[in-house]
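Below is protein04.txt, holding compact mmCIF, C-alpha atoms and all ligand atoms.
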# COMPACT_ATOMS: atom_id res chain seq x y z
CA MET A 1 115.91 127.29 105.09
CA ALA A 2 116.73 123.85 106.46
CA ALA A 3 119.11 121.96 104.24
CA ILE A 4 119.53 118.22 103.87
CA PRO A 5 122.85 117.40 105.54
CA ILE A 6 125.65 115.40 103.92
CA VAL A 7 127.38 112.67 105.93
CA ASP A 8 130.70 111.29 104.72
CA LEU A 9 131.06 107.59 105.60
CA ASP A 10 134.59 107.32 104.30
CA ASP A 11 136.86 107.72 107.26
CA ASN A 12 134.99 105.37 109.57
CA LYS A 13 134.97 107.88 112.38
CA THR A 14 132.07 106.16 114.08
CA ASP A 15 131.44 108.80 116.73
CA ARG A 16 131.19 111.61 114.20
CA VAL A 17 128.96 109.60 111.83
CA VAL A 18 126.66 108.51 114.67
CA LYS A 19 126.28 112.08 115.87
CA GLN A 20 125.62 113.48 112.41
CA LEU A 21 123.06 110.81 111.54
CA ASP A 22 121.30 111.32 114.88
CA GLU A 23 121.08 115.06 114.26
CA ALA A 24 119.78 114.58 110.69
CA PHE A 25 117.18 111.96 111.61
CA SER A 26 115.86 114.03 114.52
CA THR A 27 115.42 117.14 112.36
CA VAL A 28 114.96 117.11 108.58
CA GLY A 29 114.67 113.28 108.45
CA PHE A 30 116.72 113.01 105.23
CA VAL A 31 120.49 112.75 104.77
CA TYR A 32 122.87 112.36 101.82
CA LEU A 33 125.57 109.73 102.29
CA THR A 34 128.83 110.14 100.43
CA ASN A 35 131.72 107.69 100.21
CA HIS A 36 129.30 104.88 101.00
CA GLY A 37 131.37 102.34 99.07
CA ILE A 38 128.90 101.47 96.30
CA GLN A 39 130.37 101.94 92.84
CA GLN A 40 128.53 104.18 90.37
CA ALA A 41 128.92 101.44 87.74
CA THR A 42 126.82 99.07 89.88
CA ILE A 43 124.08 101.70 90.09
CA ASP A 44 124.29 102.62 86.40
CA SER A 45 123.83 98.96 85.40
CA VAL A 46 120.50 98.90 87.22
CA LEU A 47 119.38 102.19 85.69
CA LYS A 48 120.28 100.92 82.21
CA ALA A 49 118.64 97.50 82.53
CA SER A 50 115.56 99.09 84.12
CA LYS A 51 115.18 101.64 81.34
CA HIS A 52 115.34 98.81 78.84
CA PHE A 53 112.55 96.99 80.68
CA PHE A 54 110.29 100.03 81.14
CA GLN A 55 110.52 100.86 77.44
CA LEU A 56 109.12 97.44 76.47
CA PRO A 57 105.46 97.30 75.31
CA ASP A 58 102.82 97.22 78.05
CA ASP A 59 101.65 93.69 77.27
CA VAL A 60 105.19 92.43 77.73
CA LYS A 61 105.70 94.32 81.02
CA ASN A 62 102.35 93.00 82.22
CA GLN A 63 103.65 89.42 82.02
CA THR A 64 105.39 90.03 85.34
CA ARG A 65 102.84 92.42 86.79
CA ARG A 66 102.53 92.75 90.58
CA ASP A 67 99.44 90.96 91.82
CA SER A 68 98.03 92.28 95.09
CA SER A 69 96.49 88.90 95.88
CA LYS A 70 99.97 87.34 95.94
CA ASP A 71 102.97 89.32 97.16
CA ASN A 72 104.79 92.58 96.54
CA ASP A 73 106.98 91.49 93.62
CA GLY A 74 106.78 92.53 90.00
CA TYR A 75 105.89 95.36 87.63
CA VAL A 76 103.69 98.22 88.84
CA GLY A 77 102.00 100.22 86.05
CA ILE A 78 100.93 103.87 85.86
CA ASN A 79 98.26 104.67 88.49
CA GLN A 80 98.38 101.16 89.96
CA GLU A 81 99.73 102.66 93.17
CA ILE A 82 98.66 106.11 94.41
CA LEU A 83 100.80 107.31 97.31
CA GLY A 84 99.39 110.81 97.75
CA THR A 85 95.93 111.23 99.20
CA ASN A 86 94.89 114.14 96.97
CA ASN A 87 96.28 113.16 93.63
CA LEU A 88 94.20 112.19 90.66
CA GLN A 89 97.05 110.47 88.90
CA GLU A 90 100.63 109.41 89.56
CA ILE A 91 102.59 108.99 86.36
CA LYS A 92 105.18 106.48 87.48
CA GLU A 93 106.11 102.89 86.80
CA ALA A 94 108.06 100.62 89.11
CA TYR A 95 109.40 97.10 89.53
CA ASN A 96 109.59 95.51 92.99
CA VAL A 97 112.07 92.78 93.91
CA THR A 98 112.31 91.14 97.35
CA SER A 99 115.16 88.62 96.95
CA SER A 100 117.32 86.94 94.32
CA ASN A 101 114.44 84.41 93.95
CA SER A 102 111.88 87.10 93.16
CA ILE A 103 109.95 87.38 89.90
CA PHE A 104 112.21 88.88 87.21
CA PRO A 105 111.69 89.75 83.55
CA SER A 106 112.88 86.82 81.43
CA GLU A 107 116.51 86.88 80.31
CA GLU A 108 115.46 87.09 76.66
CA LEU A 109 113.57 90.31 77.39
CA ASP A 110 116.14 91.95 79.62
CA PRO A 111 119.40 89.98 79.93
CA GLU A 112 121.08 92.22 82.52
CA PHE A 113 118.13 93.07 84.79
CA ARG A 114 118.35 90.25 87.31
CA SER A 115 122.10 90.26 87.89
CA ALA A 116 122.31 94.06 88.02
CA VAL A 117 119.45 94.33 90.51
CA VAL A 118 120.67 91.51 92.76
CA SER A 119 124.25 92.87 92.85
CA LEU A 120 123.10 96.33 93.90
CA ALA A 121 120.49 95.04 96.36
CA LEU A 122 123.07 92.90 98.16
CA GLU A 123 125.40 95.91 98.47
CA LEU A 124 122.54 98.04 99.77
CA THR A 125 121.76 95.31 102.31
CA GLU A 126 125.31 95.52 103.66
CA LEU A 127 125.22 99.32 103.73
CA THR A 128 121.89 99.12 105.57
CA LYS A 129 123.47 96.95 108.28
CA ARG A 130 126.12 99.63 108.82
CA LEU A 131 123.46 102.31 109.08
CA LEU A 132 121.33 100.25 111.48
CA THR A 133 124.40 99.83 113.69
CA PHE A 134 125.05 103.58 113.70
CA MET A 135 121.41 104.24 114.54
CA ALA A 136 121.44 101.77 117.45
CA LEU A 137 124.51 103.52 118.85
CA ALA A 138 122.88 106.92 118.40
CA LEU A 139 119.88 105.74 120.39
CA GLY A 140 122.01 104.30 123.19
CA LEU A 141 121.15 100.68 122.33
CA GLU A 142 123.37 97.61 121.87
CA ASP A 143 125.06 98.07 118.49
CA ASN A 144 123.33 94.96 117.06
CA PHE A 145 119.84 95.90 118.30
CA PHE A 146 118.40 96.73 114.86
CA VAL A 147 120.58 94.34 112.85
CA ASP A 148 119.25 91.44 114.97
CA ARG A 149 115.73 92.47 114.02
CA HIS A 150 116.57 92.69 110.29
CA ARG A 151 118.20 89.29 109.82
CA PHE A 152 116.47 88.25 106.60
CA MET A 153 116.64 91.41 104.49
CA PHE A 154 116.46 90.64 100.77
CA GLN A 155 116.73 86.91 101.47
CA ASP A 156 113.26 85.54 101.82
CA GLN A 157 110.08 87.54 101.65
CA THR A 158 108.24 85.07 103.86
CA LYS A 159 110.58 86.25 106.62
CA ASN A 160 111.35 89.86 105.72
CA ALA A 161 109.53 92.27 103.38
CA THR A 162 112.48 94.53 102.51
CA THR A 163 111.94 95.59 98.91
CA PHE A 164 114.28 96.82 96.19
CA ARG A 165 112.36 99.01 93.78
CA THR A 166 113.44 100.52 90.50
CA LEU A 167 111.26 103.48 89.45
CA TYR A 168 110.67 105.03 86.05
CA TYR A 169 108.85 108.28 85.41
CA PRO A 170 108.01 108.44 81.68
CA SER A 171 108.42 111.51 79.53
CA LEU A 172 105.44 113.83 79.76
CA ALA A 173 106.33 115.76 76.63
CA ASP A 174 103.06 115.51 74.75
CA THR A 175 100.75 115.06 77.69
CA HIS A 176 98.40 117.84 78.70
CA ILE A 177 99.02 117.93 82.42
CA GLN A 178 95.80 118.30 84.38
CA PRO A 179 95.86 119.75 87.89
CA GLY A 180 96.41 116.97 90.39
CA VAL A 181 98.75 114.97 88.19
CA VAL A 182 102.13 114.28 89.78
CA ARG A 183 105.04 111.92 89.30
CA CYS A 184 104.89 110.66 92.88
CA GLY A 185 102.35 111.88 95.44
CA ALA A 186 103.26 113.24 98.88
CA HIS A 187 103.80 110.39 101.35
CA SER A 188 106.07 109.11 104.08
CA ASP A 189 107.65 105.68 103.69
CA TYR A 190 106.41 102.76 105.75
CA GLY A 191 109.35 100.83 107.14
CA THR A 192 112.58 101.35 109.02
CA ILE A 193 114.70 103.33 106.57
CA THR A 194 114.76 103.91 102.82
CA LEU A 195 117.92 104.24 100.74
CA LEU A 196 117.19 106.33 97.66
CA LEU A 197 119.32 106.74 94.57
CA GLN A 198 118.30 109.13 91.83
CA ASP A 199 119.52 110.04 88.37
CA ASP A 200 120.50 113.63 87.54
CA VAL A 201 117.04 114.87 86.48
CA GLY A 202 115.83 115.92 89.94
CA GLY A 203 112.34 116.72 91.14
CA LEU A 204 112.27 115.08 94.57
CA GLN A 205 111.04 117.45 97.29
CA VAL A 206 111.09 117.00 101.04
CA LEU A 207 108.71 118.67 103.52
CA SER A 208 110.58 120.68 106.13
CA GLY A 209 108.15 122.38 108.49
CA THR A 210 105.71 123.98 106.08
CA GLU A 211 108.25 124.37 103.30
CA TRP A 212 109.11 122.00 100.43
CA ILE A 213 112.86 121.79 99.89
CA SER A 214 114.47 120.20 96.83
CA ALA A 215 116.56 117.10 97.34
CA VAL A 216 118.79 117.98 94.40
CA PRO A 217 120.77 115.05 93.01
CA ILE A 218 124.35 115.03 94.33
CA PRO A 219 126.43 112.79 92.05
CA GLY A 220 127.72 109.71 93.85
CA SER A 221 125.50 110.17 96.91
CA ILE A 222 122.71 108.03 98.37
CA LEU A 223 119.81 109.64 100.20
CA VAL A 224 118.53 108.00 103.37
CA ASN A 225 115.20 108.74 105.00
CA LEU A 226 113.16 107.15 107.75
CA GLY A 227 109.87 105.33 107.55
CA ASP A 228 106.84 105.54 109.82
CA LEU A 229 107.71 102.36 111.66
CA MET A 230 111.03 103.88 112.77
CA GLN A 231 109.30 107.07 113.82
CA PHE A 232 107.00 104.91 115.96
CA TRP A 233 109.89 102.74 117.22
CA THR A 234 111.82 105.81 118.40
CA ALA A 235 108.63 107.36 119.86
CA GLY A 236 109.00 110.33 117.53
CA ARG A 237 112.64 111.10 118.21
CA TYR A 238 113.28 110.35 114.52
CA THR A 239 111.04 111.79 111.83
CA ALA A 240 109.46 110.00 108.87
CA THR A 241 109.56 112.98 106.52
CA VAL A 242 106.93 113.51 103.82
CA HIS A 243 108.30 113.72 100.28
CA ARG A 244 106.99 113.90 96.70
CA VAL A 245 107.99 114.27 93.04
CA LEU A 246 106.01 116.82 91.04
CA VAL A 247 105.70 117.16 87.29
CA PRO A 248 108.49 119.59 86.35
CA GLU A 249 107.40 123.04 85.24
CA GLU A 250 110.17 123.38 82.67
CA GLU A 251 109.38 121.82 79.31
CA ILE A 252 112.86 120.34 79.01
CA ARG A 253 112.65 118.47 82.30
CA ARG A 254 109.06 117.43 81.65
CA LYS A 255 110.28 115.83 78.44
CA SER A 256 112.99 113.90 80.25
CA THR A 257 112.28 110.52 81.70
CA ARG A 258 113.37 110.28 85.34
CA GLN A 259 114.71 107.23 87.16
CA SER A 260 115.30 106.43 90.78
CA ILE A 261 115.96 103.37 92.92
CA ALA A 262 114.52 102.86 96.40
CA PHE A 263 115.54 100.19 98.89
CA PHE A 264 112.73 99.99 101.43
CA VAL A 265 114.05 98.39 104.60
CA HIS A 266 111.62 96.54 106.85
CA PRO A 267 112.20 94.57 110.05
CA ASP A 268 111.77 90.79 109.98
CA ASN A 269 108.07 89.98 109.54
CA ASP A 270 107.56 88.63 113.06
CA VAL A 271 109.21 91.54 114.89
CA MET A 272 106.88 93.27 117.31
CA VAL A 273 107.85 96.93 117.35
CA SER A 274 107.33 98.69 120.66
CA GLN A 275 108.31 102.24 121.50
CA LEU A 276 111.86 102.42 122.77
CA ASN A 277 111.13 105.05 125.40
CA GLY A 278 109.11 102.47 127.30
CA CYS A 279 105.94 104.46 126.87
CA ASN A 280 102.93 102.15 126.76
CA ASP A 281 100.36 104.50 125.30
CA HIS A 282 100.50 102.66 121.93
CA PRO A 283 100.40 98.87 121.78
CA PRO A 284 103.25 97.13 119.91
CA VAL A 285 102.91 96.86 116.12
CA GLY A 286 103.72 93.71 114.13
CA ALA A 287 106.13 94.60 111.29
CA LEU A 288 104.36 92.63 108.56
CA ASP A 289 100.84 93.51 109.73
CA TYR A 290 101.73 97.17 109.60
CA LEU A 291 103.18 96.94 106.10
CA LYS A 292 100.15 95.05 104.77
CA THR A 293 97.82 97.76 106.04
CA ARG A 294 99.86 100.45 104.30
CA LEU A 295 100.18 98.54 101.02
CA SER A 296 96.47 97.82 100.82
CA ALA A 297 95.74 101.53 101.23
CA THR A 298 97.91 102.61 98.31
CA TYR A 299 97.60 99.88 95.67
CA LYS A 300 94.48 100.29 93.61
CA TYR A 301 94.58 96.71 92.26
O1 LIG A 401 111.51 108.74 92.91
C1 LIG A 401 111.83 109.28 93.96
O2 LIG A 401 112.77 110.07 94.02
C2 LIG A 401 111.04 109.01 95.22
C3 LIG A 401 110.26 107.74 95.24
C4 LIG A 401 109.64 107.48 96.57
O3 LIG A 401 109.63 108.31 97.43
C5 LIG A 401 109.02 106.17 96.87
O4 LIG A 401 108.84 105.35 95.96
O5 LIG A 401 108.69 105.94 98.05
FE FE A 402 109.08 107.47 99.35
The structure given in the file should be rewritten as structure tokens.
Amino acid sequence: MAAIPIVDLDDNKTDRVVKQLDEAFSTVGFVYLTNHGIQQATIDSVLKASKHFFQLPDDVKNQTRRDSSKDNDGYVGINQEILGTNNLQEIKEAYNVTSSNSIFPSEELDPEFRSAVVSLALELTELTKRLLTFMALALGLEDNFFVDRHRFMFQDQTKNATTFRTLYYPSLADTHIQPGVVRCGAHSDYGTITLLLQDDVGGLQVLSGTEWISAVPIPGSILVNLGDLMQFWTAGRYTATVHRVLVPEEEIRRKSTRQSIAFFVHPDNDVMVSQLNGCNDHPPVGALDYLKTRLSATYKY
């Protein structure tokens, strides 16, 4: 069975890291990073402030609800977004943030939310730049090739759509689970890469060939996977792997809430992505146009 590899970023041995990332992205499409430099306390602050927000009454959460007619920021309620194509229901809530000037819950409601989210998002932005450099080297490009095309990450959503998202899967203790109900439907991500942090509950599964493998939580690690735009960019050398979160079979885990954090990295809005192998069988794709098409297919309102 294919396993998700672990890459240690600690010793700054660039050649080794580049090689290991290249191997992981060309095969399973997911990798755990360890010694990535982000403190657990920074992550825990976001999980704590998020949990506080998600446990507020619906009418309060709806004050900052995402509005498809505007932009991508704000609270996303249960079933507002359906990622899987065959699922009746996806029992998840989320909150999207695109910069420090995004829409945030008011300080009276959730005093720590904004500062915790912005601190972690800025650290994830820096980590992303390191990863984009490693990926450019792996692909035989100038080391700044991808960084130059991701100049406005988490700065200004009119220039770059990179999105920090905190996710909350409520307890399903007393719910009668119908067939077709999941926590997060099977999908591949849309952009360049996604950095994914999860609590210790587990449930994330990754499609490897025809087999679903569990991406079990490894304390202190960050998962990285690729989005469809990067698969296109690399003309299929790197894989945008399908993943999902099912409703746990065990009562105890079904009762538990689950939390995760995703940092969806996108190129600057005006970047035209063309296949790096020089193949012209697909016309270039505009980064923002592509994202808009994908978002309009998954958000129900
Ligand atoms: O919650 C998770 O572990 C995965 C979430 C996810 O894949 C997504 O939001 O794209
Ligand atoms: Fe995803």
Distance table requested - chain A against ligand LIG 401 (chain A), cut-off 7 Å, only C-alpha atoms and all ligand atoms: one row per qualifying residue with the closest atom pair and its distance in Å to one decimal, ordered by chain and rising residue number, as JSON lines.
{"residue": "A:Leu167", "atom": "CA", "partner": "A:LIG401", "partner_atom": "O1", "distance": 6.3}
{"residue": "A:Cys184", "atom": "CA", "partner": "A:LIG401", "partner_atom": "C3", "distance": 6.6}
{"residue": "A:Asp189", "atom": "CA", "partner": "A:LIG401", "partner_atom": "O5", "distance": 5.7}
{"residue": "A:Leu196", "atom": "CA", "partner": "A:LIG401", "partner_atom": "O2", "distance": 6.8}
{"residue": "A:Gln198", "atom": "CA", "partner": "A:LIG401", "partner_atom": "O2", "distance": 6.0}
{"residue": "A:Leu204", "atom": "CA", "partner": "A:LIG401", "partner_atom": "O2", "distance": 5.1}
{"residue": "A:His243", "atom": "CA", "partner": "A:LIG401", "partner_atom": "O3", "distance": 6.3}
{"residue": "A:Arg244", "atom": "CA", "partner": "A:LIG401", "partner_atom": "O3", "distance": 6.2}
{"residue": "A:Val245", "atom": "CA", "partner": "A:LIG401", "partner_atom": "C1", "distance": 6.4}
{"residue": "A:Gln259", "atom": "CA", "partner": "A:LIG401", "partner_atom": "O1", "distance": 6.8}
{"residue": "A:Ser260", "atom": "CA", "partner": "A:LIG401", "partner_atom": "O1", "distance": 4.9}
{"residue": "A:Ile261", "atom": "CA", "partner": "A:LIG401", "partner_atom": "O1", "distance": 7.0}
{"residue": "A:Ala262", "atom": "CA", "partner": "A:LIG401", "partner_atom": "O4", "distance": 6.2}
Notebook entry, point to check: Nearest to Glu249 in chain A: which of A:Asn72, A:Leu172, A:Gly84, A:Leu127 is it, counting only C-alpha atoms?
Noted result: A:Leu172
Check: Quick one: residues within 12 Å of range 289-293 of chain A, only C-alpha atoms counted, chain neighbours fewer than 2 positions away excluded, as a PyMOL selection string?
Finding: chain A and resi 68-72+160-163+189-192+227-230+232+264-273+284-287+295-299
Taking (119.1, 86.6, 108.0) in the file's own coordinates, collect the residues within 12 Å, counting only C-alpha atoms, and hand them back as an mmCIF file with C-alpha atoms, in the frame of the given file.
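Saved the output as part-v4.cif:
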data_model
loop_
_atom_site.group_PDB
_atom_site.id
_atom_site.type_symbol
_atom_site.label_atom_id
_atom_site.label_comp_id
_atom_site.auth_asym_id
_atom_site.auth_seq_id
_atom_site.Cartn_x
_atom_site.Cartn_y
_atom_site.Cartn_z
ATOM 1 C CA SER A 99 115.160 88.620 96.950
ATOM 2 C CA THR A 125 121.760 95.310 102.310
ATOM 3 C CA GLU A 126 125.310 95.520 103.660
ATOM 4 C CA LYS A 129 123.470 96.950 108.280
ATOM 5 C CA VAL A 147 120.580 94.340 112.850
ATOM 6 C CA ASP A 148 119.250 91.440 114.970
ATOM 7 C CA ARG A 149 115.730 92.470 114.020
ATOM 8 C CA HIS A 150 116.570 92.690 110.290
ATOM 9 C CA ARG A 151 118.200 89.290 109.820
ATOM 10 C CA PHE A 152 116.470 88.250 106.600
ATOM 11 C CA MET A 153 116.640 91.410 104.490
ATOM 12 C CA PHE A 154 116.460 90.640 100.770
ATOM 13 C CA GLN A 155 116.730 86.910 101.470
ATOM 14 C CA ASP A 156 113.260 85.540 101.820
ATOM 15 C CA GLN A 157 110.080 87.540 101.650
ATOM 16 C CA THR A 158 108.240 85.070 103.860
ATOM 17 C CA LYS A 159 110.580 86.250 106.620
ATOM 18 C CA ASN A 160 111.350 89.860 105.720
ATOM 19 C CA THR A 162 112.480 94.530 102.510
ATOM 20 C CA PRO A 267 112.200 94.570 110.050
ATOM 21 C CA ASP A 268 111.770 90.790 109.980
ATOM 22 C CA ASN A 269 108.070 89.980 109.540
#
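Distances to Asp8 in chain A were evaluated for A:Ile78, A:Leu83, A:Leu21, A:Leu109 using all atoms listed in the file, and the minimum falls at A:Leu21.
When the distance limit is 12 Å and only C-alpha atoms are what count, the residues near Gln20 in chain A, minus those fewer than 6 positions from it on the same chain, are Ile4, Pro5, Ile6, Val7, Asp8, Leu9, Lys13, Thr14, Ser26, Thr27, Val28, Gly29, Phe30, Val31, Tyr32, Leu33, Leu131, Phe134, Met135, Leu137 and Ala138 of chain A.
In this model, the gap between CA of Tyr169 in chain A and CA of Thr257 in chain A comes to 5.5 Å.
Our summary of the geometry notes that CA of Ile193 in chain A is positioned 23.4 Å from CA of Gln80 in chain A.
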Check: Which polymer residues, protein or nucleic acid, are no farther than 7 Å from (118.9, 99.5, 95.9), counting all atoms listed in the file, as a PyMOL selection string?
Finding: chain A and resi 120-121+124+164-165+195+261-263
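Comparing A:Ser188, A:Gln205, A:Ser256, A:Gln231 by their smallest distance to ligand FE 402 (chain A), the closest is A:Ser188 (using all atoms listed in the file).
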Item checked: Shortest interatomic distance to Pro219 in chain A - which of A:Val201, A:Ala186, A:Val46, A:Ala235, counting only C-alpha atoms -> A:Val201
